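Participant: Next up, data-v9.pdb (PDB, C-alpha atoms).
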```
ATOM      1  CA  MET A   2     103.912 133.917 103.465  1.00  0.00           C
ATOM      2  CA  SER A   3     103.683 133.925 107.257  1.00  0.00           C
ATOM      3  CA  MET A   4     103.579 130.762 109.320  1.00  0.00           C
ATOM      4  CA  GLY A   5     102.178 130.603 112.816  1.00  0.00           C
ATOM      5  CA  ILE A   6      99.136 130.734 115.060  1.00  0.00           C
ATOM      6  CA  TYR A   7      96.023 132.774 114.355  1.00  0.00           C
ATOM      7  CA  LYS A   8      92.649 133.453 115.904  1.00  0.00           C
ATOM      8  CA  ILE A   9      89.192 134.325 114.671  1.00  0.00           C
ATOM      9  CA  GLU A  10      87.484 136.405 117.354  1.00  0.00           C
ATOM     10  CA  ASN A  11      83.804 137.210 117.772  1.00  0.00           C
ATOM     11  CA  MET A  12      83.842 140.882 118.795  1.00  0.00           C
ATOM     12  CA  VAL A  13      80.327 140.614 120.294  1.00  0.00           C
ATOM     13  CA  ASN A  14      80.913 137.819 122.833  1.00  0.00           C
ATOM     14  CA  GLY A  15      84.715 137.414 122.860  1.00  0.00           C
ATOM     15  CA  LYS A  16      84.691 133.752 121.789  1.00  0.00           C
ATOM     16  CA  VAL A  17      87.679 132.651 119.684  1.00  0.00           C
ATOM     17  CA  TYR A  18      88.739 130.007 117.218  1.00  0.00           C
ATOM     18  CA  ILE A  19      92.460 129.149 117.362  1.00  0.00           C
ATOM     19  CA  GLY A  20      94.332 127.610 114.441  1.00  0.00           C
ATOM     20  CA  SER A  21      97.787 127.157 112.954  1.00  0.00           C
ATOM     21  CA  SER A  22      99.042 127.217 109.400  1.00  0.00           C
ATOM     22  CA  LYS A  23     102.167 127.217 107.246  1.00  0.00           C
ATOM     23  CA  ASP A  24     100.487 130.051 105.298  1.00  0.00           C
ATOM     24  CA  ILE A  25      98.171 132.085 107.525  1.00  0.00           C
ATOM     25  CA  LYS A  26      96.898 134.420 104.786  1.00  0.00           C
ATOM     26  CA  GLN A  27      95.846 131.456 102.642  1.00  0.00           C
ATOM     27  CA  ARG A  28      94.221 129.811 105.670  1.00  0.00           C
ATOM     28  CA  PHE A  29      92.300 133.027 106.461  1.00  0.00           C
ATOM     29  CA  ARG A  30      91.012 133.081 102.878  1.00  0.00           C
ATOM     30  CA  GLN A  31      89.874 129.445 103.230  1.00  0.00           C
ATOM     31  CA  HIS A  32      88.077 130.139 106.532  1.00  0.00           C
ATOM     32  CA  LEU A  33      86.391 133.203 105.025  1.00  0.00           C
ATOM     33  CA  SER A  34      85.269 131.257 101.961  1.00  0.00           C
ATOM     34  CA  ASP A  35      83.928 128.389 104.082  1.00  0.00           C
ATOM     35  CA  LEU A  36      82.083 130.756 106.427  1.00  0.00           C
ATOM     36  CA  LYS A  37      80.567 132.814 103.599  1.00  0.00           C
ATOM     37  CA  ASN A  38      79.408 129.605 101.888  1.00  0.00           C
ATOM     38  CA  ASN A  39      77.971 128.141 105.112  1.00  0.00           C
ATOM     39  CA  ARG A  40      80.282 125.097 105.129  1.00  0.00           C
ATOM     40  CA  HIS A  41      82.796 125.713 107.926  1.00  0.00           C
ATOM     41  CA  HIS A  42      83.874 122.579 109.813  1.00  0.00           C
ATOM     42  CA  SER A  43      83.230 124.269 113.187  1.00  0.00           C
ATOM     43  CA  ILE A  44      79.445 124.303 113.412  1.00  0.00           C
ATOM     44  CA  HIS A  45      79.647 126.631 116.440  1.00  0.00           C
ATOM     45  CA  LEU A  46      81.709 129.199 114.531  1.00  0.00           C
ATOM     46  CA  GLN A  47      79.453 128.872 111.485  1.00  0.00           C
ATOM     47  CA  ARG A  48      76.296 129.472 113.531  1.00  0.00           C
ATOM     48  CA  ALA A  49      77.847 132.507 115.232  1.00  0.00           C
ATOM     49  CA  TRP A  50      78.986 133.877 111.848  1.00  0.00           C
ATOM     50  CA  ASN A  51      75.472 133.457 110.484  1.00  0.00           C
ATOM     51  CA  LYS A  52      73.969 135.141 113.565  1.00  0.00           C
ATOM     52  CA  TYR A  53      76.369 138.082 114.075  1.00  0.00           C
ATOM     53  CA  GLY A  54      77.651 138.654 110.530  1.00  0.00           C
ATOM     54  CA  GLU A  55      81.111 139.074 109.031  1.00  0.00           C
ATOM     55  CA  SER A  56      81.585 142.610 110.412  1.00  0.00           C
ATOM     56  CA  ASN A  57      81.592 141.263 113.986  1.00  0.00           C
ATOM     57  CA  PHE A  58      84.554 138.911 113.475  1.00  0.00           C
ATOM     58  CA  LYS A  59      88.236 139.776 113.551  1.00  0.00           C
ATOM     59  CA  PHE A  60      90.974 137.631 112.000  1.00  0.00           C
ATOM     60  CA  SER A  61      94.413 138.154 113.569  1.00  0.00           C
ATOM     61  CA  ILE A  62      97.834 136.563 113.893  1.00  0.00           C
ATOM     62  CA  ILE A  63      98.721 135.669 117.481  1.00  0.00           C
ATOM     63  CA  GLU A  64     102.293 134.519 116.877  1.00  0.00           C
ATOM     64  CA  GLU A  65     104.503 134.067 113.836  1.00  0.00           C
ATOM     65  CA  LEU A  66     106.854 131.085 113.866  1.00  0.00           C
ATOM     66  CA  ASP A  67     110.056 130.251 112.021  1.00  0.00           C
ATOM     67  CA  TYR A  68     109.989 126.465 112.360  1.00  0.00           C
ATOM     68  CA  ILE A  69     107.197 124.191 111.200  1.00  0.00           C
ATOM     69  CA  ASN A  70     107.886 121.770 114.060  1.00  0.00           C
ATOM     70  CA  ASP A  71     106.771 124.500 116.499  1.00  0.00           C
ATOM     71  CA  LEU A  72     103.276 124.809 114.982  1.00  0.00           C
ATOM     72  CA  PHE A  73     101.541 122.038 116.888  1.00  0.00           C
ATOM     73  CA  ILE A  74     102.908 122.706 120.364  1.00  0.00           C
ATOM     74  CA  THR A  75     102.345 126.464 120.024  1.00  0.00           C
ATOM     75  CA  GLU A  76      98.787 125.970 118.740  1.00  0.00           C
ATOM     76  CA  ARG A  77      98.183 123.631 121.665  1.00  0.00           C
ATOM     77  CA  HIS A  78      99.482 126.315 124.071  1.00  0.00           C
ATOM     78  CA  TYR A  79      97.053 128.939 122.737  1.00  0.00           C
ATOM     79  CA  ILE A  80      94.068 126.572 122.628  1.00  0.00           C
ATOM     80  CA  ILE A  81      94.678 125.920 126.323  1.00  0.00           C
ATOM     81  CA  LYS A  82      95.388 129.609 127.086  1.00  0.00           C
ATOM     82  CA  PHE A  83      92.171 130.818 125.414  1.00  0.00           C
ATOM     83  CA  ASP A  84      90.231 127.703 126.543  1.00  0.00           C
ATOM     84  CA  SER A  85      88.785 127.591 123.024  1.00  0.00           C
ATOM     85  CA  LEU A  86      87.555 123.984 123.311  1.00  0.00           C
ATOM     86  CA  ASN A  87      85.151 125.245 125.974  1.00  0.00           C
ATOM     87  CA  LYS A  88      81.864 126.091 124.172  1.00  0.00           C
ATOM     88  CA  ASN A  89      81.416 129.113 126.444  1.00  0.00           C
ATOM     89  CA  LYS A  90      84.763 130.600 125.408  1.00  0.00           C
ATOM     90  CA  GLY A  91      85.603 129.290 121.964  1.00  0.00           C
ATOM     91  CA  TYR A  92      84.727 127.679 118.683  1.00  0.00           C
ATOM     92  CA  ASN A  93      87.311 124.907 118.412  1.00  0.00           C
ATOM     93  CA  ILE A  94      85.247 121.735 118.231  1.00  0.00           C
ATOM     94  CA  LYS A  95      87.749 118.899 118.396  1.00  0.00           C
ATOM     95  CA  PRO A  96      90.484 118.049 120.767  1.00  0.00           C
ATOM     96  CA  ILE A  97      93.869 119.291 119.634  1.00  0.00           C
ATOM     97  CA  PHE A  98      94.848 117.962 116.222  1.00  0.00           C
ATOM     98  CA  VAL A  99      97.739 115.631 116.859  1.00  0.00           C
ATOM     99  CA  GLU A 100      97.678 114.491 113.237  1.00  0.00           C
ATOM    100  CA  LYS A 101      99.284 117.828 112.326  1.00  0.00           C
ATOM    101  CA  SER A 102     102.397 116.693 114.168  1.00  0.00           C
ATOM    102  CA  LEU A 103     102.219 113.059 113.091  1.00  0.00           C
ATOM    103  CA  ASN A 104     103.990 114.008 109.891  1.00  0.00           C
ATOM    104  CA  ASN A 105     105.011 111.946 106.878  1.00  0.00           C
ATOM    105  CA  ASN A 106     108.467 111.234 108.342  1.00  0.00           C
ATOM    106  CA  ILE A 107     106.975 109.617 111.442  1.00  0.00           C
ATOM    107  CA  ILE A 108     104.428 107.686 109.374  1.00  0.00           C
ATOM    108  CA  GLN A 109     107.144 106.465 107.014  1.00  0.00           C
ATOM    109  CA  LYS A 110     109.367 105.405 109.938  1.00  0.00           C
ATOM    110  CA  LEU A 111     106.517 103.526 111.621  1.00  0.00           C
ATOM    111  CA  VAL A 112     105.605 101.615 108.469  1.00  0.00           C
ATOM    112  CA  THR A 113     109.045 100.975 106.945  1.00  0.00           C
ATOM    113  CA  SER A 114     110.546  99.888 110.247  1.00  0.00           C
ATOM    114  CA  LYS A 115     107.684  97.369 110.497  1.00  0.00           C
ATOM    115  CA  ILE A 116     106.806  98.752 113.939  1.00  0.00           C
ATOM    116  CA  ILE A 117     103.183  98.820 112.823  1.00  0.00           C
ATOM    117  CA  ASP A 118     101.407  97.794 109.635  1.00  0.00           C
ATOM    118  CA  LEU A 119      99.124  99.956 107.493  1.00  0.00           C
ATOM    119  CA  LEU A 120      95.934  98.746 109.190  1.00  0.00           C
ATOM    120  CA  GLU A 121      97.389  99.592 112.610  1.00  0.00           C
ATOM    121  CA  LEU A 122      98.476 102.974 111.273  1.00  0.00           C
ATOM    122  CA  GLY A 123      94.913 103.554 110.057  1.00  0.00           C
ATOM    123  CA  VAL A 124      93.525 102.799 113.523  1.00  0.00           C
ATOM    124  CA  LEU A 125      96.157 105.076 115.089  1.00  0.00           C
ATOM    125  CA  ALA A 126      95.226 107.871 112.658  1.00  0.00           C
ATOM    126  CA  ILE A 127      91.576 107.565 113.745  1.00  0.00           C
ATOM    127  CA  LEU A 128      92.497 107.541 117.436  1.00  0.00           C
ATOM    128  CA  ILE A 129      94.679 110.643 117.342  1.00  0.00           C
ATOM    129  CA  ARG A 130      91.750 112.731 116.151  1.00  0.00           C
ATOM    130  CA  TYR A 131      90.227 112.376 119.609  1.00  0.00           C
ATOM    131  CA  ILE A 132      93.149 113.351 121.829  1.00  0.00           C
ATOM    132  CA  SER A 133      92.660 115.796 124.679  1.00  0.00           C
ATOM    133  CA  ASN A 134      95.292 118.023 126.278  1.00  0.00           C
ATOM    134  CA  ASP A 135      96.495 115.292 128.650  1.00  0.00           C
ATOM    135  CA  GLY A 136      96.668 112.558 126.004  1.00  0.00           C
ATOM    136  CA  THR A 137      93.384 110.886 126.991  1.00  0.00           C
ATOM    137  CA  LEU A 138      91.319 109.906 123.986  1.00  0.00           C
ATOM    138  CA  ILE A 139      87.926 111.593 124.374  1.00  0.00           C
ATOM    139  CA  TYR A 140      84.759 110.730 122.440  1.00  0.00           C
ATOM    140  CA  GLN A 141      81.438 112.483 123.048  1.00  0.00           C
ATOM    141  CA  GLU A 142      82.819 114.131 126.209  1.00  0.00           C
ATOM    142  CA  ARG A 143      83.925 110.881 127.871  1.00  0.00           C
ATOM    143  CA  PRO A 144      86.984 108.615 127.644  1.00  0.00           C
ATOM    144  CA  LEU A 145      87.108 106.580 124.437  1.00  0.00           C
ATOM    145  CA  ASN A 146      86.650 102.831 124.952  1.00  0.00           C
ATOM    146  CA  GLN A 147      86.945  99.737 122.776  1.00  0.00           C
ATOM    147  CA  LYS A 148      83.263  99.789 121.745  1.00  0.00           C
ATOM    148  CA  ASP A 149      83.730 103.348 120.426  1.00  0.00           C
ATOM    149  CA  ILE A 150      86.790 102.288 118.441  1.00  0.00           C
ATOM    150  CA  ILE A 151      84.901  99.318 116.962  1.00  0.00           C
ATOM    151  CA  LYS A 152      82.183 101.733 115.766  1.00  0.00           C
ATOM    152  CA  MET A 153      84.740 104.094 114.243  1.00  0.00           C
ATOM    153  CA  THR A 154      86.896 101.487 112.523  1.00  0.00           C
ATOM    154  CA  LYS A 155      84.216  98.917 111.607  1.00  0.00           C
ATOM    155  CA  LEU A 156      86.651  96.188 112.710  1.00  0.00           C
ATOM    156  CA  GLY A 157      85.609  93.098 114.639  1.00  0.00           C
ATOM    157  CA  ARG A 158      86.369  92.901 118.357  1.00  0.00           C
ATOM    158  CA  SER A 159      89.092  90.232 118.033  1.00  0.00           C
ATOM    159  CA  LYS A 160      90.940  91.984 115.184  1.00  0.00           C
ATOM    160  CA  LEU A 161      90.747  95.329 116.977  1.00  0.00           C
ATOM    161  CA  SER A 162      91.967  93.748 120.220  1.00  0.00           C
ATOM    162  CA  LEU A 163      95.054  92.439 118.412  1.00  0.00           C
ATOM    163  CA  ILE A 164      95.737  95.891 116.941  1.00  0.00           C
ATOM    164  CA  LEU A 165      95.221  97.737 120.246  1.00  0.00           C
ATOM    165  CA  ASN A 166      97.414  95.215 122.071  1.00  0.00           C
ATOM    166  CA  HIS A 167     100.175  95.692 119.505  1.00  0.00           C
ATOM    167  CA  LEU A 168      99.913  99.496 119.648  1.00  0.00           C
ATOM    168  CA  GLN A 169     100.366  99.139 123.436  1.00  0.00           C
ATOM    169  CA  GLU A 170     103.336  96.789 123.024  1.00  0.00           C
ATOM    170  CA  VAL A 171     105.156  99.319 120.841  1.00  0.00           C
ATOM    171  CA  ASN A 172     104.248 102.074 123.337  1.00  0.00           C
ATOM    172  CA  LEU A 173     102.070 104.184 121.014  1.00  0.00           C
ATOM    173  CA  ILE A 174      99.010 103.979 123.269  1.00  0.00           C
ATOM    174  CA  SER A 175      98.328 102.952 126.854  1.00  0.00           C
ATOM    175  CA  LYS A 176      95.246 101.297 128.294  1.00  0.00           C
ATOM    176  CA  LEU A 177      94.177 102.604 131.682  1.00  0.00           C
ATOM    177  CA  THR A 178      91.513 101.357 134.061  1.00  0.00           C
ATOM    178  CA  SER A 179      88.822 103.718 135.287  1.00  0.00           C
ATOM    179  CA  LYS A 180      89.185 104.675 138.959  1.00  0.00           C
ATOM    180  CA  LYS A 181      85.390 104.761 139.309  1.00  0.00           C
ATOM    181  CA  ASP A 182      84.683 101.406 137.664  1.00  0.00           C
ATOM    182  CA  GLN A 183      87.470  98.811 137.603  1.00  0.00           C
ATOM    183  CA  ARG A 184      85.699  96.939 134.776  1.00  0.00           C
ATOM    184  CA  LYS A 185      86.023  99.907 132.378  1.00  0.00           C
ATOM    185  CA  ASN A 186      89.140 100.664 130.385  1.00  0.00           C
ATOM    186  CA  TYR A 187      90.040 103.698 128.323  1.00  0.00           C
ATOM    187  CA  TYR A 188      92.955 104.659 126.102  1.00  0.00           C
ATOM    188  CA  VAL A 189      95.649 107.302 126.200  1.00  0.00           C
ATOM    189  CA  LEU A 190      97.887 108.245 123.284  1.00  0.00           C
ATOM    190  CA  ASN A 191     101.527 108.439 124.290  1.00  0.00           C
ATOM    191  CA  VAL A 192     101.868 112.056 123.214  1.00  0.00           C
ATOM    192  CA  ASP A 193     105.678 112.097 123.194  1.00  0.00           C
ATOM    193  CA  MET A 194     105.563 109.837 120.133  1.00  0.00           C
ATOM    194  CA  ALA A 195     103.421 112.274 118.187  1.00  0.00           C
ATOM    195  CA  ASN A 196     105.142 115.549 119.099  1.00  0.00           C
TER     196      ASN A 196
END
```
As structure tokens, please, write out the structure in this file.
Facilitator:
Amino acid sequence: MSMGIYKIENMVNGKVYIGSSKDIKQRFRQHLSDLKNNRHHSIHLQRAWNKYGESNFKFSIIEELDYINDLFITERHYIIKFDSLNKNKGYNIKPIFVEKSLNNNIIQKLVTSKIIDLLELGVLAILIRYISNDGTLIYQERPLNQKDIIKMTKLGRSKLSLILNHLQEVNLISKLTSKKDQRKNYYVLNVDMAN
């Protein structure tokens, strides 16, 4: 079993998908199965696979790692290096997956220490799916705002405001004001907490 960072490369156009796994061979098998059955989570990779065919894709290991805690930061490094969130260069479709590093130990500490409750943890888990490289929460190619979060969580404005205020108080997120429009706010995950 090898743990580390891998890529799936389109040999026709050079675009790549970057991923990390505790068991790369098993993860390759899962990607292959999903692609062959037309159900891969990256719609861009799936469409390219359907267009160019299996023979035009290469699966390879970029770097093997010894410590599981290095997976996220190393994956993040290669996603940035290959610019694989850029549709012209890659097939990664979401901002970097912080939830991989928000492990059970951190979740347990947050809940048992009463820093945040389960509902707040649920909102935080939704938010971290949208983190960009600099910690800004991005939704549909723009900074995530409170209206977006209301749509995602189905919570009322007042309840969500209480949760977001508390997540700011315990320094898990920060609210910033747009430089272009002082009336607009957006949110940033304090990445140091998640890494």
Participant: Could you spell out the hits of the PyMOL selection byres ((chain A and resi 30-42) around 10) on the shown file, as a ChimeraX atom specification?
Facilitator: /A:9,25-29,43-51,54-55,60,93-94
Participant: Could you tell me, as a VMD selection string, exactly which residues end up selected when the PyMOL selection byres ((chain A and resi 161-167) around 10) is applied to this structure?
Facilitator: chain A and resid 116 to 118 120 to 122 124 to 125 147 to 148 150 to 151 154 to 160 168 to 176 188
Participant: Write the residues you've just listed into a file as an mmCIF file, in the frame of the given file, and include C-alpha atoms for each of them.
Facilitator:
```
data_model
loop_
_atom_site.group_PDB
_atom_site.id
_atom_site.type_symbol
_atom_site.label_atom_id
_atom_site.label_comp_id
_atom_site.auth_asym_id
_atom_site.auth_seq_id
_atom_site.Cartn_x
_atom_site.Cartn_y
_atom_site.Cartn_z
ATOM 1 C CA ILE A 116 106.806 98.752 113.939
ATOM 2 C CA ILE A 117 103.183 98.820 112.823
ATOM 3 C CA ASP A 118 101.407 97.794 109.635
ATOM 4 C CA LEU A 120 95.934 98.746 109.190
ATOM 5 C CA GLU A 121 97.389 99.592 112.610
ATOM 6 C CA LEU A 122 98.476 102.974 111.273
ATOM 7 C CA VAL A 124 93.525 102.799 113.523
ATOM 8 C CA LEU A 125 96.157 105.076 115.089
ATOM 9 C CA GLN A 147 86.945 99.737 122.776
ATOM 10 C CA LYS A 148 83.263 99.789 121.745
ATOM 11 C CA ILE A 150 86.790 102.288 118.441
ATOM 12 C CA ILE A 151 84.901 99.318 116.962
ATOM 13 C CA THR A 154 86.896 101.487 112.523
ATOM 14 C CA LYS A 155 84.216 98.917 111.607
ATOM 15 C CA LEU A 156 86.651 96.188 112.710
ATOM 16 C CA GLY A 157 85.609 93.098 114.639
ATOM 17 C CA ARG A 158 86.369 92.901 118.357
ATOM 18 C CA SER A 159 89.092 90.232 118.033
ATOM 19 C CA LYS A 160 90.940 91.984 115.184
ATOM 20 C CA LEU A 168 99.913 99.496 119.648
ATOM 21 C CA GLN A 169 100.366 99.139 123.436
ATOM 22 C CA GLU A 170 103.336 96.789 123.024
ATOM 23 C CA VAL A 171 105.156 99.319 120.841
ATOM 24 C CA ASN A 172 104.248 102.074 123.337
ATOM 25 C CA LEU A 173 102.070 104.184 121.014
ATOM 26 C CA ILE A 174 99.010 103.979 123.269
ATOM 27 C CA SER A 175 98.328 102.952 126.854
ATOM 28 C CA LYS A 176 95.246 101.297 128.294
ATOM 29 C CA TYR A 188 92.955 104.659 126.102
#
```
Participant: So what do you get for atom CA of A:Tyr18 versus atom CA of A:Tyr53, distance-wise?
Facilitator: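 Between atom CA of A:Tyr18 and atom CA of A:Tyr53 the gap is 15.1 Å.
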Participant: On this file, the PyMOL selection byres ((chain A and resi 63) around 8) gives some set of residues; write that set as JSON, numbers by chain.
Facilitator: {"A": [5, 6, 7, 8, 61, 62, 64, 65]}
Participant: Name the residues in contact with A:Met12 at a cut-off of 7 Å, using only C-alpha atoms, excluding same-chain residues fewer than 4 positions from it; report them as JSON, numbers by chain.
Facilitator: {"A": [57, 58, 59]}
Participant: Rounded to one decimal in Å, what is the spacing between atom CA of A:Ser22 and atom CA of A:His78?
Facilitator: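 Computing it gives 14.7 Å between the two atoms.
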Participant: At what distance in Å, to one decimal, does atom CA of A:Leu66 lie from atom CA of A:Asp24?
Facilitator: 10.7 Å
Participant: Nearest to A:Arg77 among A:Ser56, A:Leu177, A:Met153, A:Ile19, with distances taken over only C-alpha atoms: which residue is it?
Facilitator: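 Under the stated criterion, the closest residue is A:Ile19.
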